[in-house]
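Have a look at my_file.csv; it's CSV, C-alpha atoms:
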```csv
chain,number,residue,atom,x,y,z
T,1,MET,CA,23.3,46.4,35.7
T,2,GLU,CA,20.3,44.9,34.0
T,3,ILE,CA,18.0,46.8,31.6
T,4,LEU,CA,15.2,45.7,29.3
T,5,ILE,CA,15.3,46.4,25.6
T,6,ASN,CA,12.1,45.6,23.8
T,7,GLY,CA,11.2,43.2,26.6
T,8,ALA,CA,14.5,41.3,26.6
T,9,ALA,CA,16.9,41.5,29.6
T,10,HIS,CA,20.4,42.8,28.8
T,11,GLN,CA,23.4,43.0,31.2
T,12,VAL,CA,25.2,46.3,30.5
T,13,ALA,CA,27.8,48.6,32.1
T,14,ASP,CA,26.5,50.9,34.7
T,15,ASP,CA,25.5,54.4,33.4
T,16,MET,CA,25.3,53.1,29.9
T,17,SER,CA,24.0,55.7,27.5
T,18,LEU,CA,20.8,55.3,25.4
T,19,ASP,CA,22.6,55.4,22.1
T,20,ARG,CA,24.8,52.4,23.0
T,21,ALA,CA,21.8,50.5,24.3
T,22,VAL,CA,19.9,51.1,21.0
T,23,ALA,CA,23.0,50.0,19.1
T,24,LEU,CA,22.8,46.6,20.8
T,25,ILE,CA,19.8,45.8,18.6
T,26,SER,CA,19.8,48.3,15.7
T,27,ASP,CA,22.3,50.0,13.5
T,28,ALA,CA,19.7,51.9,11.5
T,29,ALA,CA,20.7,55.5,10.9
T,30,SER,CA,17.1,56.6,10.6
T,31,GLY,CA,13.5,55.4,10.8
T,32,VAL,CA,13.9,54.4,14.5
T,33,ALA,CA,12.5,56.0,17.7
T,34,ALA,CA,13.3,55.1,21.3
T,35,ALA,CA,11.4,55.5,24.6
T,36,VAL,CA,12.7,55.0,28.1
T,37,ASN,CA,10.1,53.9,30.6
T,38,GLY,CA,7.4,55.0,28.3
T,39,GLU,CA,8.7,58.4,27.5
T,40,LEU,CA,10.0,59.4,24.1
T,41,VAL,CA,13.7,60.4,24.0
T,42,ARG,CA,14.6,62.3,20.9
T,43,ARG,CA,17.6,61.0,18.9
T,44,VAL,CA,19.6,64.1,19.5
T,45,SER,CA,19.5,63.3,23.2
T,46,TRP,CA,20.3,59.6,23.0
T,47,ARG,CA,24.0,60.1,23.7
T,48,SER,CA,23.5,62.3,26.8
T,49,THR,CA,20.7,60.1,28.2
T,50,ARG,CA,22.2,57.8,31.0
T,51,LEU,CA,20.3,54.7,31.8
T,52,ALA,CA,19.6,53.2,35.2
T,53,ALA,CA,19.2,49.6,36.4
T,54,GLY,CA,15.7,48.3,35.5
T,55,ASP,CA,15.1,50.9,32.8
T,56,GLU,CA,12.7,49.6,30.1
T,57,ILE,CA,13.7,50.7,26.6
T,58,GLU,CA,11.5,50.4,23.6
T,59,VAL,CA,13.1,50.7,20.1
T,60,LEU,CA,10.5,51.0,17.4
T,61,THR,CA,10.5,51.3,13.7
T,62,ALA,CA,7.9,51.2,10.8
T,63,VAL,CA,6.5,47.9,9.6
T,64,GLN,CA,3.7,47.0,7.2
T,65,GLY,CA,0.3,48.0,8.4
T,66,GLY,CA,-2.9,50.0,8.1
L,1,MET,CA,-23.1,54.6,-28.5
L,2,SER,CA,-21.4,57.9,-28.7
L,3,ASP,CA,-23.0,59.0,-25.5
L,4,VAL,CA,-21.5,56.2,-23.5
L,5,GLY,CA,-18.9,57.6,-21.2
L,6,GLY,CA,-19.6,61.1,-22.4
L,7,GLY,CA,-18.7,64.0,-20.1
L,8,ALA,CA,-15.4,62.7,-19.0
L,9,GLY,CA,-13.5,64.6,-21.7
L,10,ARG,CA,-13.2,67.9,-19.8
L,11,ALA,CA,-11.3,66.1,-17.1
L,12,GLY,CA,-8.8,64.7,-19.6
L,13,ASP,CA,-7.9,61.1,-20.0
L,14,PRO,CA,-10.0,59.3,-17.4
L,15,ALA,CA,-7.1,56.8,-17.0
L,16,ASP,CA,-5.0,59.5,-15.4
L,17,PRO,CA,-5.4,61.4,-12.2
L,18,ILE,CA,-7.6,64.4,-12.7
L,19,PRO,CA,-5.3,67.4,-13.0
L,20,ASP,CA,-7.7,70.1,-12.0
L,21,ASP,CA,-9.3,68.2,-9.1
L,22,PRO,CA,-6.6,67.5,-6.5
L,23,LEU,CA,-7.2,66.1,-3.1
L,24,VAL,CA,-6.3,68.8,-0.6
L,25,LEU,CA,-5.3,67.2,2.7
L,26,GLY,CA,-3.5,68.9,5.6
L,27,GLY,CA,-2.7,71.9,3.3
L,28,GLN,CA,-1.0,69.7,0.7
L,29,LYS,CA,-2.3,68.7,-2.8
L,30,PHE,CA,-2.3,65.2,-4.1
L,31,GLY,CA,-3.2,64.0,-7.6
L,32,SER,CA,-4.4,60.6,-6.5
L,33,ARG,CA,-7.5,60.1,-4.4
L,34,LEU,CA,-6.5,56.5,-3.5
L,35,ILE,CA,-4.5,56.0,-0.4
L,36,MET,CA,-3.1,52.5,-0.3
L,37,GLY,CA,-1.8,51.1,3.0
L,38,THR,CA,1.0,48.6,3.3
L,39,GLY,CA,-0.7,46.1,5.6
L,40,GLY,CA,-1.1,42.4,4.6
L,41,ALA,CA,1.2,42.2,1.6
L,42,PRO,CA,2.8,38.7,1.2
L,43,SER,CA,6.2,40.3,0.4
L,44,LEU,CA,7.9,43.6,0.0
L,45,ASP,CA,8.3,42.9,-3.7
L,46,VAL,CA,4.6,42.4,-4.2
L,47,LEU,CA,3.9,45.4,-2.0
L,48,GLY,CA,6.1,47.6,-4.1
L,49,ARG,CA,4.5,46.6,-7.4
L,50,ALA,CA,1.0,47.0,-6.0
L,51,LEU,CA,1.8,50.5,-4.6
L,52,MET,CA,3.0,51.6,-8.0
L,53,ALA,CA,0.0,50.1,-9.8
L,54,SER,CA,-2.3,51.9,-7.4
L,55,GLY,CA,-0.9,55.3,-8.2
L,56,THR,CA,-1.0,56.2,-4.5
L,57,GLU,CA,1.0,59.1,-3.2
L,58,ILE,CA,0.5,58.3,0.5
L,59,THR,CA,0.9,55.0,2.2
L,60,THR,CA,0.4,53.9,5.8
L,61,VAL,CA,2.8,52.0,8.1
L,62,ALA,CA,2.5,50.8,11.7
L,63,MET,CA,5.1,51.3,14.5
L,64,ARG,CA,6.4,48.1,16.2
L,65,ARG,CA,9.5,46.9,18.1
L,66,ILE,CA,12.4,46.7,15.7
L,67,ASP,CA,13.3,43.2,14.6
L,68,PRO,CA,17.0,43.0,13.8
L,69,SER,CA,16.4,39.7,11.9
L,70,SER,CA,13.8,41.3,9.6
L,71,PRO,CA,14.9,41.2,5.9
L,72,GLY,CA,14.5,44.6,4.2
L,73,SER,CA,12.5,47.6,5.4
L,74,VAL,CA,9.1,48.7,4.3
L,75,LEU,CA,10.4,52.3,4.6
L,76,ASP,CA,12.9,51.5,1.8
L,77,VAL,CA,10.1,50.3,-0.5
L,78,ILE,CA,8.2,53.5,0.2
L,79,ALA,CA,11.1,55.9,-0.2
L,80,GLN,CA,12.3,54.3,-3.4
L,81,ARG,CA,9.0,55.1,-5.0
L,82,GLY,CA,8.7,58.6,-3.7
L,83,ILE,CA,5.6,57.9,-1.7
L,84,THR,CA,4.7,60.0,1.4
L,85,VAL,CA,4.7,57.8,4.5
L,86,LEU,CA,1.8,58.1,6.9
L,87,PRO,CA,2.3,56.3,10.3
L,88,ASN,CA,-0.7,54.9,12.1
L,89,THR,CA,-1.3,54.1,15.7
L,90,ALA,CA,-2.7,50.6,15.0
L,91,GLY,CA,-2.7,48.4,18.1
L,92,CYS,CA,-3.4,51.2,20.5
L,93,PHE,CA,-6.4,50.8,22.8
L,94,THR,CA,-6.2,54.1,24.8
L,95,ALA,CA,-5.7,57.7,24.0
L,96,ALA,CA,-2.5,57.7,26.0
L,97,GLU,CA,-1.1,54.8,24.0
L,98,ALA,CA,-2.1,56.5,20.7
L,99,VAL,CA,-0.5,59.8,21.7
L,100,ARG,CA,2.7,58.1,22.7
L,101,THR,CA,2.8,56.1,19.5
L,102,ALA,CA,2.2,59.2,17.4
L,103,ARG,CA,5.1,61.0,19.0
L,104,LEU,CA,7.4,58.0,18.5
L,105,ALA,CA,6.3,57.8,14.8
L,106,ALA,CA,6.9,61.5,14.4
L,107,GLU,CA,10.4,61.1,15.8
L,108,ALA,CA,11.2,58.0,13.7
L,109,LEU,CA,9.8,59.1,10.4
L,110,GLY,CA,10.1,62.9,10.6
L,111,THR,CA,6.4,63.6,10.0
L,112,ASN,CA,3.7,65.2,12.1
L,113,TRP,CA,1.0,63.4,10.1
L,114,VAL,CA,-0.7,60.5,11.8
L,115,LYS,CA,-3.5,58.1,10.9
L,116,LEU,CA,-5.0,58.0,14.4
L,117,GLU,CA,-6.4,54.6,15.3
L,118,VAL,CA,-7.7,53.8,18.8
L,119,ILE,CA,-9.3,50.3,18.7
L,120,ALA,CA,-11.9,49.1,21.2
L,121,ASP,CA,-11.1,45.4,21.1
L,122,GLU,CA,-9.3,42.7,19.1
L,123,VAL,CA,-12.5,41.0,18.0
L,124,THR,CA,-14.3,43.8,16.2
L,125,LEU,CA,-11.3,46.2,15.7
L,126,LEU,CA,-13.9,48.9,15.8
L,127,PRO,CA,-12.7,52.4,16.9
L,128,ASP,CA,-13.3,53.5,20.5
L,129,PRO,CA,-14.9,56.9,19.9
L,130,ILE,CA,-14.3,58.2,23.4
L,131,GLU,CA,-10.6,57.4,23.4
L,132,LEU,CA,-10.3,58.5,19.8
L,133,LEU,CA,-11.7,62.0,20.4
L,134,ASP,CA,-9.5,62.4,23.4
L,135,ALA,CA,-6.4,61.4,21.5
L,136,ALA,CA,-7.4,63.6,18.5
L,137,GLU,CA,-7.8,66.7,20.7
L,138,ARG,CA,-4.4,66.1,22.4
L,139,LEU,CA,-2.5,65.5,19.1
L,140,ALA,CA,-4.1,68.4,17.2
L,141,ALA,CA,-3.1,70.7,20.1
L,142,GLU,CA,0.5,69.4,19.7
L,143,GLY,CA,0.4,70.4,16.0
L,144,PHE,CA,-0.1,67.0,14.5
L,145,THR,CA,-2.0,66.7,11.2
L,146,VAL,CA,-4.6,64.2,12.6
L,147,LEU,CA,-6.4,61.8,10.3
L,148,PRO,CA,-8.7,59.8,12.5
L,149,TYR,CA,-10.1,56.3,11.6
L,150,CYS,CA,-13.6,56.6,13.0
L,151,ASN,CA,-17.0,55.0,13.1
L,152,ASP,CA,-19.5,56.0,10.4
L,153,ASP,CA,-21.1,58.4,12.9
L,154,PRO,CA,-21.9,61.9,11.6
L,155,VAL,CA,-22.0,63.3,15.1
L,156,LEU,CA,-18.6,61.9,16.0
L,157,ALA,CA,-17.3,63.2,12.7
L,158,ARG,CA,-18.4,66.7,13.7
L,159,ARG,CA,-16.7,66.5,17.1
L,160,LEU,CA,-13.5,65.2,15.5
L,161,GLU,CA,-13.6,68.1,13.0
L,162,GLN,CA,-14.1,70.6,15.9
L,163,ALA,CA,-11.1,69.0,17.7
L,164,GLY,CA,-8.9,70.1,14.8
L,165,CYS,CA,-8.6,66.9,12.7
L,166,ALA,CA,-7.5,67.4,9.1
L,167,ALA,CA,-10.0,64.8,7.8
L,168,VAL,CA,-12.4,62.2,9.1
L,169,MET,CA,-12.0,58.6,8.0
L,170,PRO,CA,-15.1,56.6,8.6
L,171,LEU,CA,-15.2,52.8,8.1
L,172,GLY,CA,-17.4,51.3,5.5
L,173,ALA,CA,-17.3,48.0,7.4
L,174,PRO,CA,-14.9,46.4,9.9
L,175,ILE,CA,-11.1,46.3,9.0
L,176,GLY,CA,-10.2,43.6,6.6
L,177,SER,CA,-13.9,42.4,6.3
L,178,GLY,CA,-14.3,43.3,2.6
L,179,LEU,CA,-18.0,43.9,3.3
L,180,GLY,CA,-18.1,47.2,1.5
L,181,ILE,CA,-20.1,50.2,2.7
L,182,ARG,CA,-22.8,49.0,5.1
L,183,ASN,CA,-24.3,52.4,5.8
L,184,PRO,CA,-24.0,54.6,2.7
L,185,HIS,CA,-26.6,57.0,4.1
L,186,ASN,CA,-24.4,57.8,7.1
L,187,ILE,CA,-21.4,58.3,4.8
L,188,GLU,CA,-23.4,60.8,2.7
L,189,LEU,CA,-24.5,62.6,5.8
L,190,MET,CA,-20.9,63.0,6.9
L,191,VAL,CA,-19.9,64.3,3.5
L,192,GLN,CA,-22.7,66.8,3.5
L,193,ALA,CA,-21.8,68.2,6.9
L,194,ALA,CA,-18.0,68.0,6.9
L,195,SER,CA,-15.8,70.9,5.9
L,196,VAL,CA,-12.7,68.6,6.0
L,197,PRO,CA,-12.2,65.7,3.6
L,198,VAL,CA,-14.1,62.5,4.3
L,199,ILE,CA,-11.9,59.5,3.5
L,200,LEU,CA,-13.6,56.1,3.4
L,201,ASP,CA,-11.3,53.9,5.4
L,202,ALA,CA,-11.7,50.1,5.9
L,203,GLY,CA,-14.2,47.6,4.6
L,204,ILE,CA,-13.5,48.0,0.9
L,205,GLY,CA,-13.7,44.5,-0.8
L,206,THR,CA,-13.5,45.2,-4.5
L,207,ALA,CA,-13.4,48.0,-7.0
L,208,SER,CA,-17.2,48.7,-7.0
L,209,ASP,CA,-17.0,49.5,-3.2
L,210,ALA,CA,-14.3,52.1,-3.9
L,211,ALA,CA,-16.3,53.6,-6.7
L,212,LEU,CA,-19.4,53.8,-4.5
L,213,ALA,CA,-17.4,55.6,-1.8
L,214,MET,CA,-16.4,58.3,-4.3
L,215,GLU,CA,-19.9,58.5,-5.8
L,216,LEU,CA,-21.2,59.2,-2.2
L,217,GLY,CA,-18.9,62.2,-2.2
L,218,CYS,CA,-15.9,60.9,-0.3
L,219,SER,CA,-12.8,62.9,-1.0
L,220,ALA,CA,-10.6,59.7,-1.1
L,221,VAL,CA,-10.5,56.0,-0.3
L,222,LEU,CA,-8.0,54.3,2.0
L,223,LEU,CA,-7.6,50.6,1.6
L,224,ALA,CA,-5.0,47.9,2.1
L,225,THR,CA,-6.3,44.4,2.5
L,226,ALA,CA,-8.5,44.5,-0.6
L,227,VAL,CA,-5.4,44.9,-2.6
L,228,THR,CA,-2.7,43.1,-0.6
L,229,ARG,CA,-4.7,40.0,-0.1
L,230,ALA,CA,-6.3,39.8,-3.5
L,231,ARG,CA,-5.3,36.9,-5.7
L,232,ASP,CA,-3.3,39.3,-7.8
L,233,PRO,CA,-2.5,42.4,-5.7
L,234,GLU,CA,-0.9,44.4,-8.6
L,235,LEU,CA,-4.0,43.9,-10.8
L,236,MET,CA,-6.4,44.8,-8.0
L,237,ALA,CA,-4.4,47.9,-7.2
L,238,ALA,CA,-4.9,49.0,-10.9
L,239,ALA,CA,-8.6,48.2,-10.5
L,240,MET,CA,-8.9,50.3,-7.4
L,241,LYS,CA,-7.1,53.2,-9.1
L,242,SER,CA,-9.6,53.2,-12.0
L,243,ALA,CA,-12.5,52.7,-9.6
L,244,VAL,CA,-11.6,55.8,-7.5
L,245,ILE,CA,-11.2,57.9,-10.6
L,246,ALA,CA,-14.5,56.6,-12.1
L,247,GLY,CA,-16.4,57.2,-8.9
L,248,ARG,CA,-15.0,60.7,-8.5
L,249,LEU,CA,-15.9,61.6,-12.1
L,250,ALA,CA,-19.4,60.2,-11.6
L,251,TYR,CA,-19.8,62.3,-8.4
L,252,ARG,CA,-18.7,65.4,-10.2
L,253,ALA,CA,-20.9,64.7,-13.2
L,254,GLY,CA,-24.0,64.2,-11.1
L,255,ARG,CA,-26.0,61.0,-11.4
L,256,ILE,CA,-29.5,61.0,-12.8
L,257,PRO,CA,-32.4,60.7,-10.3
L,258,ARG,CA,-33.7,57.3,-9.6
L,259,ARG,CA,-37.3,56.8,-10.9
L,260,PHE,CA,-39.8,54.0,-10.4
L,261,CYS,CA,-41.0,54.2,-14.1
L,262,ALA,CA,-39.2,54.1,-17.4
L,263,VAL,CA,-38.3,57.4,-19.1
L,264,ALA,CA,-37.7,57.0,-22.8
L,265,SER,CA,-34.3,58.1,-24.0
L,266,SER,CA,-35.3,57.9,-27.7
L,267,PRO,CA,-37.8,60.4,-29.2
L,268,PRO,CA,-41.3,59.1,-29.7
L,269,VAL,CA,-42.2,57.8,-33.1
L,270,SER,CA,-44.0,60.6,-34.8
L,271,GLY,CA,-46.8,60.1,-37.2
```
What would you get if you wrote out this structure as structure tokens?
Amino acid sequence: MEILINGAAHQVADDMSLDRAVALISDAASGVAAAVNGELVRRVSWRSTRLAAGDEIEVLTAVQGG
Amino acid sequence: MSDVGGGAGRAGDPADPIPDDPLVLGGQKFGSRLIMGTGGAPSLDVLGRALMASGTEITTVAMRRIDPSSPGSVLDVIAQRGITVLPNTAGCFTAAEAVRTARLAAEALGTNWVKLEVIADEVTLLPDPIELLDAAERLAAEGFTVLPYCNDDPVLARRLEQAGCAAVMPLGAPIGSGLGIRNPHNIELMVQAASVPVILDAGIGTASDAALAMELGCSAVLLATAVTRARDPELMAAAMKSAVIAGRLAYRAGRIPRRFCAVASSPPVSG
């Protein structure tokens, strides 16, 4: 199935979990947050969160600013 | 000459943070009244040295899509120096976006403090007061320590305080403009009316602007560009540190009234 991670299309296995999707672009152990279709998913729930085709995942971290 | 600079002695060495005059923000005490943001630094190395020279205990970061190719992390620079990280909601144009970003920042950084920014447009970068107040109410209700970047509007400041904000952070001038404090009277009005700290945020260009903010009664100054885009950021950070301390001391000491005529400081010649 196809999902979007930070705006880029990825072909992944059906029912992929959020923790594996995040791992495709980040190996950071902390300082990262993820949202699926605009809704925050806490890190403790990443492994149990199953993705569906077309899901839009945002993976954010802190950068210089403000 | 002995009177020059007199009065600072009670506060100890004026080059150090004033030990008996902490900034109390969100229930926490800070020795430094200068909050230096991380935006605009040419490199993480320069940023780290400027942060140290500023003496700041709090610094801001923005939340953005992770870039796997990015070398180094601003979070490492901050953590290595023992500075408290304050996420902002820069780039948000609506209350909904700002609330979502604050929640993501809280999850990523393990803090419920947020510098709340809701910008009206890309040209002015001025705060949208309607969206800002909406976001502030929602985040305060969720238990966030909300530090809103706002217009220099005493009425809006009152509403933000009523919404449960831990401070109000009026601009002196538009973000990055370096124009200083364009309406010092409004800043004074906000200070007089507020029961939460007033933190001058945005518009600082040089050290005298920061000193003026403190002389007007602001509890702290938040700046980034004035340091990070100075020719020598580390040196300007040191200047800002001194300016904030000097301005605070002057505010506490109480300036003399302005007069239109001279008042002799030497005794008249008798005879």
Select from chain T every residue with an atom at most 8 Å from any atom of chain L, then for each give the shortest pair of atoms and their distance in Å to one decimal, using all atoms listed in the file, rows by chain and rising number, as CSV.
```
residue,atom,partner,partner_atom,distance
T:Asn6,CA,L:Arg65,CA,6.4
T:Ile25,CA,L:Pro68,CA,6.2
T:Ser26,CA,L:Pro68,CA,6.3
T:Ser30,CA,L:Ala108,CA,6.8
T:Gly31,CA,L:Ala108,CA,4.5
T:Val32,CA,L:Ala108,CA,4.6
T:Ala33,CA,L:Ala108,CA,4.7
T:Ala34,CA,L:Leu104,CA,7.1
T:Ala35,CA,L:Leu104,CA,7.7
T:Gly38,CA,L:Arg100,CA,7.9
T:Glu39,CA,L:Arg100,CA,7.7
T:Leu40,CA,L:Leu104,CA,6.3
T:Arg42,CA,L:Glu107,CA,6.7
T:Arg43,CA,L:Glu107,CA,7.8
T:Glu58,CA,L:Arg65,CA,6.8
T:Val59,CA,L:Arg65,CA,5.6
T:Leu60,CA,L:Arg65,CA,4.3
T:Thr61,CA,L:Ile66,CA,5.4
T:Ala62,CA,L:Met63,CA,4.6
T:Val63,CA,L:Ala62,CA,5.4
T:Gln64,CA,L:Gly39,CA,4.8
T:Gly65,CA,L:Gly39,CA,3.5
T:Gly66,CA,L:Gly39,CA,5.1
```
### Ile57 (chain T) surroundings by all atoms listed in the file, 12 Å radius, close-in-sequence under 5 positions cut, as a ChimeraX atom specification
/T:2-10,17-25,33-41,46,49-52 /L:65-66
Write the selection just made, keeping C-alpha atoms, as a PDB file, in the coordinates of the input?
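The result, stored in result-v7.pdb:
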```pdb
ATOM      1  CA  GLU T   2      20.300  44.900  34.000  1.00  0.00           C
ATOM      2  CA  ILE T   3      18.000  46.800  31.600  1.00  0.00           C
ATOM      3  CA  LEU T   4      15.200  45.700  29.300  1.00  0.00           C
ATOM      4  CA  ILE T   5      15.300  46.400  25.600  1.00  0.00           C
ATOM      5  CA  ASN T   6      12.100  45.600  23.800  1.00  0.00           C
ATOM      6  CA  GLY T   7      11.200  43.200  26.600  1.00  0.00           C
ATOM      7  CA  ALA T   8      14.500  41.300  26.600  1.00  0.00           C
ATOM      8  CA  ALA T   9      16.900  41.500  29.600  1.00  0.00           C
ATOM      9  CA  HIS T  10      20.400  42.800  28.800  1.00  0.00           C
ATOM     10  CA  SER T  17      24.000  55.700  27.500  1.00  0.00           C
ATOM     11  CA  LEU T  18      20.800  55.300  25.400  1.00  0.00           C
ATOM     12  CA  ASP T  19      22.600  55.400  22.100  1.00  0.00           C
ATOM     13  CA  ARG T  20      24.800  52.400  23.000  1.00  0.00           C
ATOM     14  CA  ALA T  21      21.800  50.500  24.300  1.00  0.00           C
ATOM     15  CA  VAL T  22      19.900  51.100  21.000  1.00  0.00           C
ATOM     16  CA  ALA T  23      23.000  50.000  19.100  1.00  0.00           C
ATOM     17  CA  LEU T  24      22.800  46.600  20.800  1.00  0.00           C
ATOM     18  CA  ILE T  25      19.800  45.800  18.600  1.00  0.00           C
ATOM     19  CA  ALA T  33      12.500  56.000  17.700  1.00  0.00           C
ATOM     20  CA  ALA T  34      13.300  55.100  21.300  1.00  0.00           C
ATOM     21  CA  ALA T  35      11.400  55.500  24.600  1.00  0.00           C
ATOM     22  CA  VAL T  36      12.700  55.000  28.100  1.00  0.00           C
ATOM     23  CA  ASN T  37      10.100  53.900  30.600  1.00  0.00           C
ATOM     24  CA  GLY T  38       7.400  55.000  28.300  1.00  0.00           C
ATOM     25  CA  GLU T  39       8.700  58.400  27.500  1.00  0.00           C
ATOM     26  CA  LEU T  40      10.000  59.400  24.100  1.00  0.00           C
ATOM     27  CA  VAL T  41      13.700  60.400  24.000  1.00  0.00           C
ATOM     28  CA  TRP T  46      20.300  59.600  23.000  1.00  0.00           C
ATOM     29  CA  THR T  49      20.700  60.100  28.200  1.00  0.00           C
ATOM     30  CA  ARG T  50      22.200  57.800  31.000  1.00  0.00           C
ATOM     31  CA  LEU T  51      20.300  54.700  31.800  1.00  0.00           C
ATOM     32  CA  ALA T  52      19.600  53.200  35.200  1.00  0.00           C
TER      33      ALA T  52
ATOM     34  CA  ARG L  65       9.500  46.900  18.100  1.00  0.00           C
ATOM     35  CA  ILE L  66      12.400  46.700  15.700  1.00  0.00           C
TER      36      ILE L  66
END
```
### Message
Rounded to one decimal, what separation in Å do you get between CA of Ala264 (chain L) and CA of Glu215 (chain L)?
### Response
24.7 Å
#### Entry: Non-local contacts of Glu131 (chain L) (10 Å; only C-alpha atoms; under 3 positions in same chain excluded) as an MDAnalysis selection string
chainID L and resid 92:98 117:120 127:128 134:136
Can you list, as a PDB file with C-alpha atoms, in the coordinates of the input, every protein, DNA or RNA residue that comes within 10 Å of Arg33 (chain L) when you count all atoms listed in the file, leaving out same-chain residues fewer than 4 positions away?
```pdb
ATOM      1  CA  PRO L  17      -5.400  61.400 -12.200  1.00  0.00           C
ATOM      2  CA  ILE L  18      -7.600  64.400 -12.700  1.00  0.00           C
ATOM      3  CA  ASP L  21      -9.300  68.200  -9.100  1.00  0.00           C
ATOM      4  CA  PRO L  22      -6.600  67.500  -6.500  1.00  0.00           C
ATOM      5  CA  LEU L  23      -7.200  66.100  -3.100  1.00  0.00           C
ATOM      6  CA  VAL L  24      -6.300  68.800  -0.600  1.00  0.00           C
ATOM      7  CA  GLY L  55      -0.900  55.300  -8.200  1.00  0.00           C
ATOM      8  CA  THR L  56      -1.000  56.200  -4.500  1.00  0.00           C
ATOM      9  CA  GLU L  57       1.000  59.100  -3.200  1.00  0.00           C
ATOM     10  CA  ILE L  58       0.500  58.300   0.500  1.00  0.00           C
ATOM     11  CA  ILE L 199     -11.900  59.500   3.500  1.00  0.00           C
ATOM     12  CA  MET L 214     -16.400  58.300  -4.300  1.00  0.00           C
ATOM     13  CA  CYS L 218     -15.900  60.900  -0.300  1.00  0.00           C
ATOM     14  CA  SER L 219     -12.800  62.900  -1.000  1.00  0.00           C
ATOM     15  CA  ALA L 220     -10.600  59.700  -1.100  1.00  0.00           C
ATOM     16  CA  VAL L 221     -10.500  56.000  -0.300  1.00  0.00           C
ATOM     17  CA  LEU L 222      -8.000  54.300   2.000  1.00  0.00           C
ATOM     18  CA  LYS L 241      -7.100  53.200  -9.100  1.00  0.00           C
ATOM     19  CA  VAL L 244     -11.600  55.800  -7.500  1.00  0.00           C
ATOM     20  CA  ILE L 245     -11.200  57.900 -10.600  1.00  0.00           C
ATOM     21  CA  ARG L 248     -15.000  60.700  -8.500  1.00  0.00           C
TER      22      ARG L 248
END
```
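One finds CA of Phe30 (chain L) at 16.6 Å from CA of Thr111 (chain L).
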### Query
What is the distance, in Å and to one decimal place, between CA of Leu139 (chain L) and CA of Gly91 (chain L)?
17.1 Å
### Query
Val227 (chain L): which residues within 7 Å, counting all atoms listed in the file, same-chain residues fewer than 3 positions away excluded, as a VMD selection string?
chain L and resid 224 230 233 236 to 237
### Message
Using all atoms listed in the file for the distances, tell me which of L:Ile181, L:Ala243, L:Ala211, L:Ala166 is nearest to Gln28 (chain L).
### Response
L:Ala166
Can you rebuild region 1-10 of chain T with N, CA, C and O atoms and give it as a short mmCIF file (atom, residue, chain, number, x, y, z; two decimals), keeping the file's coordinate frame?
```
data_model
loop_
_atom_site.label_atom_id
_atom_site.label_comp_id
_atom_site.auth_asym_id
_atom_site.auth_seq_id
_atom_site.Cartn_x
_atom_site.Cartn_y
_atom_site.Cartn_z
N MET T 1 24.71 46.24 35.31
CA MET T 1 23.30 46.40 35.70
C MET T 1 22.44 45.75 34.58
O MET T 1 22.90 45.49 33.47
N GLU T 2 21.16 45.49 34.94
CA GLU T 2 20.30 44.90 34.00
C GLU T 2 19.24 45.90 33.48
O GLU T 2 18.66 46.64 34.27
N ILE T 3 19.06 45.94 32.16
CA ILE T 3 18.00 46.80 31.60
C ILE T 3 17.18 45.89 30.63
O ILE T 3 17.62 44.81 30.25
N LEU T 4 16.00 46.37 30.28
CA LEU T 4 15.20 45.70 29.30
C LEU T 4 15.13 46.44 28.02
O LEU T 4 14.84 47.64 28.02
N ILE T 5 15.47 45.76 26.92
CA ILE T 5 15.30 46.40 25.60
C ILE T 5 14.33 45.59 24.81
O ILE T 5 14.54 44.41 24.54
N ASN T 6 13.25 46.24 24.46
CA ASN T 6 12.10 45.60 23.80
C ASN T 6 11.75 44.27 24.47
O ASN T 6 11.52 43.24 23.84
N GLY T 7 11.71 44.34 25.79
CA GLY T 7 11.20 43.20 26.60
C GLY T 7 12.27 42.18 26.94
O GLY T 7 11.98 41.29 27.74
N ALA T 8 13.46 42.28 26.36
CA ALA T 8 14.50 41.30 26.60
C ALA T 8 15.54 41.87 27.59
O ALA T 8 15.96 43.03 27.43
N ALA T 9 15.97 41.05 28.57
CA ALA T 9 16.90 41.50 29.60
C ALA T 9 18.34 41.56 28.95
O ALA T 9 18.73 40.66 28.19
N HIS T 10 19.06 42.64 29.26
CA HIS T 10 20.40 42.80 28.80
C HIS T 10 21.29 43.20 30.02
O HIS T 10 20.90 44.08 30.78
#
```
